[in-house]
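I have placed the structure first, in the form of C-alpha cells, so that the comments after it can refer back to it.
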Amino acid sequence: MLPDKTVPRLSIDPFSDGFLADPYEHHDLLRDAGPVFWLERHGIYGAARHAEVSAALKDWQNFCSGRGVGLDDFAVEEPWRPPSLLLETDPPVHDRTRSLMNSVVGLSGLKALTPLWRTKAEALADRLVAQRHFDAVADLAEAYPLSIFPDTIGMTEEGRENLLVYARATFNAFGPRNAVFTETDRAARDAVPWISHACQRENLRPGGWGMAVYEQSDAGNCDAEEAHLLVRSFLSAGVDTTVTGIANMIYAFALHPDQWRMLRDNPSLRRKAFEEALRWDSPVQTFFRTTARVVELGGTVLPAGAKILLFLAAANRDPRRWDQPDARASVIIQSYPRVFNPVLSLSPPALSKGGHRGLARRLIAVRRRVVPPPRAAQWNTNV
Ligand code: HEM
C-alpha cells in the first residue's frame with residue numbers, strides 16, 4: 001500500500017552496492033527527508049533520525065520483531081531460516097527465552113572467563129607486535145573472536161571457519177534477495193547445515209554456553225528444539241558483530257592517530273574508546289520492524305503490517321541529537337561524553353518491556369576490560 005502523499009518518497013536503494021560501500025555518504029539525505037520516509041525501491045517506510053529510530057525500538061507493542069527484523073514479513077513470507085527465538089520474537093515468548101539466555105550468560109560466568117580471554121588477547125597482541133605488520137581485519141578483528149568464541153560456546157574443532165560465512169549470510173538475508181544475498185547465500189551452502197549440526201547437544205562440550213542452554217531444557221525452561229535454536233542465536237549474532245566492531249575501531253584509530261596516541265598514553269580510556277567506536281561506525285547498520293497496528297511515528301500515520309527500516313547507524317550520527325556528531329570531522333575518544341551506541345542506548349531499557357538489547361552489552365562490559373594495556377602501548381600509530 002502506497003503511503004500518504006505527504007510522506008517524502010526516496011528512490012535511493014539502501015541495499016545497493018553503492019549505498020553499502022559508504023552508507024554515511026547517504027545519511028544526511030535520509031535524515032533530512034523527514035522523520036519518516038518512503039523507500040520506493042522496496043515499498044517500505046524508513047526512519048533515520050535518532051528520535052524516531054529510538055522511539056520505534058522502544059515500542060515493541062507497535063513496532064514488533066515477531067514478523068521478522070528483515071525485509072521478509074513472516075506473516076506472509078517464508079523466512080530464510082527458522083526464526084530466532086530471541087531476535088525475531090516479542091513478549092511473552094521473548095521474555096521467557098531472554099531470561100533463559102540471561103541465566104546462561106551470567107555476569108559471574110563472564111567474569112570467570114575474563115582471565116582466559118585476557119591471556120588469549122595478550123598472546124595475540126604479542127604475536128602481532130612481533131610481526132610488526134598485520135592485517136587488522138583478518139589477523140586481529142577476525143582472529144580474536146574466533147580464538148575465544150567457539151570454545152566459550154563449547155564447539156568442536158572442525159568446521160569453525162563456517163562461523164563467519166554463516167554470519168554473513170544471516171545478516172545479508174535481512175535485506176532483499178539481491179546479488180549480495182545470492183552470493184553469500186551460495187557461499188553458505190555448506191555452512192548452514194554445519195551450523196545446525198554444531199548446535200546439536202551431542203556436538204557441544206560440557207561447561208560451554210551451548211550445553212548450558214540444553215541444561216535449561218533439562219530443567220523444563222524450554223524444549224530441546226528451542227535449545228537448538230537458542231544455541232544458534234549465539235553463533236549467528238555473536239561473531240560478525242564483534243568482528244566488525246573491532247575492525248571499525250581499528251579503522252577509526254587509523255583515521256584519527258591522535259586518538260590512538262591518547263589511548264596509548266591513557267589505557268583506562270579503552271572502554272570509552274570501544275563504545276564510541278560502536279557509535280562512530282555501527283556494526284549493525286539497520287534493522288527492520290513491522291507495525292503491529294495503525295501507529296503514528298514522527299507525525300506520520302503508518303498502516304498496520306508495514307515494514308519500516310530503522311537506520312541505526314544514521315541515528316547514531318544525527319545532528320539533531322548532538323553537536324558535531326559526524327566523527328569523521330570530529331574525534332573518537334574526545335567526543336565520547338555526548339554520544340551513545342546502538343547496543344547501549346538504541347534499545348529498550350527493560351527486558352520486561354520486550355527489549356532486544358543485545359547480550360552484547362554484558363559481553364562488551366567484560367570484553368573491553370580484556371584488551372591488554374601494555375601491548376596497546378607497544379603498537380605504533382600506523383594501524
Ligand atoms: C559489538 C558487538 C555487538 C553488537 C554491535 C551487537 C548489536 C546488537 C543489536 C543492535 C541487537 C538488537 C537487535 C534488534 O533490536 O532487533 C542485538 C541483539 C542480539 N545480540 Fe548482539 N551485538 C553484538 C555482539 C553480540 C554477541 C557477542 C552476542 C552473543 C554471543 C550477541 C547476541 C545477541 C542476541 C542473542 C541478540 C537478540 C537479543 C534479544 O532479542 O533479546 N550479540 N545485538
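Going through the C-alpha cells in order, the chains are called A, B, and so on, while each chain numbers its residues from 1 and the ligands are numbered from 1 in the order shown.
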Practice task
Write out as a count of residues only all residues of region 141-239 of chain A that backbone DSSP assigns to alpha helix (DSSP H).
Solution key: 63
Exercise for the section: Please identify all polymer residues within 12 Å of Asp185 (chain A), counting only C-alpha atoms, omitting same-chain residues fewer than 6 positions from it, and present them as a list in words. Expected result: Trp80, Arg81, Val165, Tyr166, Ala167, Arg168, Ala169, Thr170, Phe171, Asn172, Ala173, Phe174, Gly175, Arg177, Asn178, Ala179, Ala191 and Val192 of chain A
Exercise for the section: Name the residues in contact with Ile148 (chain A) at a cut-off of 9 Å, using only C-alpha atoms, excluding same-chain residues fewer than 5 positions from it; report them as a VMD selection string. Expected result: chain A and resid 116 to 117 120 143 153
Please produce a file of the residues just selected, as a short mmCIF file (atom, residue, chain, number, x, y, z; two decimals), in the first residue's frame, where the atoms kept are C-alpha atoms.
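The new file out_0.cif reads:
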```cif
data_model
loop_
_atom_site.label_atom_id
_atom_site.label_comp_id
_atom_site.auth_asym_id
_atom_site.auth_seq_id
_atom_site.Cartn_x
_atom_site.Cartn_y
_atom_site.Cartn_z
CA LEU A 116 41.29 -16.79 29.73
CA TRP A 117 40.10 -14.14 27.27
CA LYS A 120 44.40 -15.11 24.57
CA ALA A 143 41.26 -13.83 14.72
CA ILE A 153 30.18 -21.98 23.37
#
```
Handout entry: Surrounding residues of region 295-304 of chain A excluding itself and chain neighbours under 4 positions, 10 Å, only C-alpha atoms, as a PyMOL selection string
Key = chain A and resi 1-4+6-7+34-37+45+47+49+51-53+55-56+62-63+290-291+308
Problem - Contacts of Ile246 (chain A) within 9 Å, only C-alpha atoms, excl. fewer than 2 positions in-chain, as a ChimeraX atom specification - result: /A:136-137,140-142,241-244,248-251,274,277-278
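Counting from CA of Thr286 (chain A), the distance to atom 24 (C, counted along the ligand's line) of ligand 1 is 14.6 Å.
Between CA of Trp60 (chain A) and CA of Pro92 (chain A) there is a distance of 11.3 Å.
Candidate residues A:Ser99, A:Asn266, A:Thr184, A:Ser108 were compared for distance to ligand 1, and the nearest is A:Ser99, using only C-alpha atoms and all ligand atoms.
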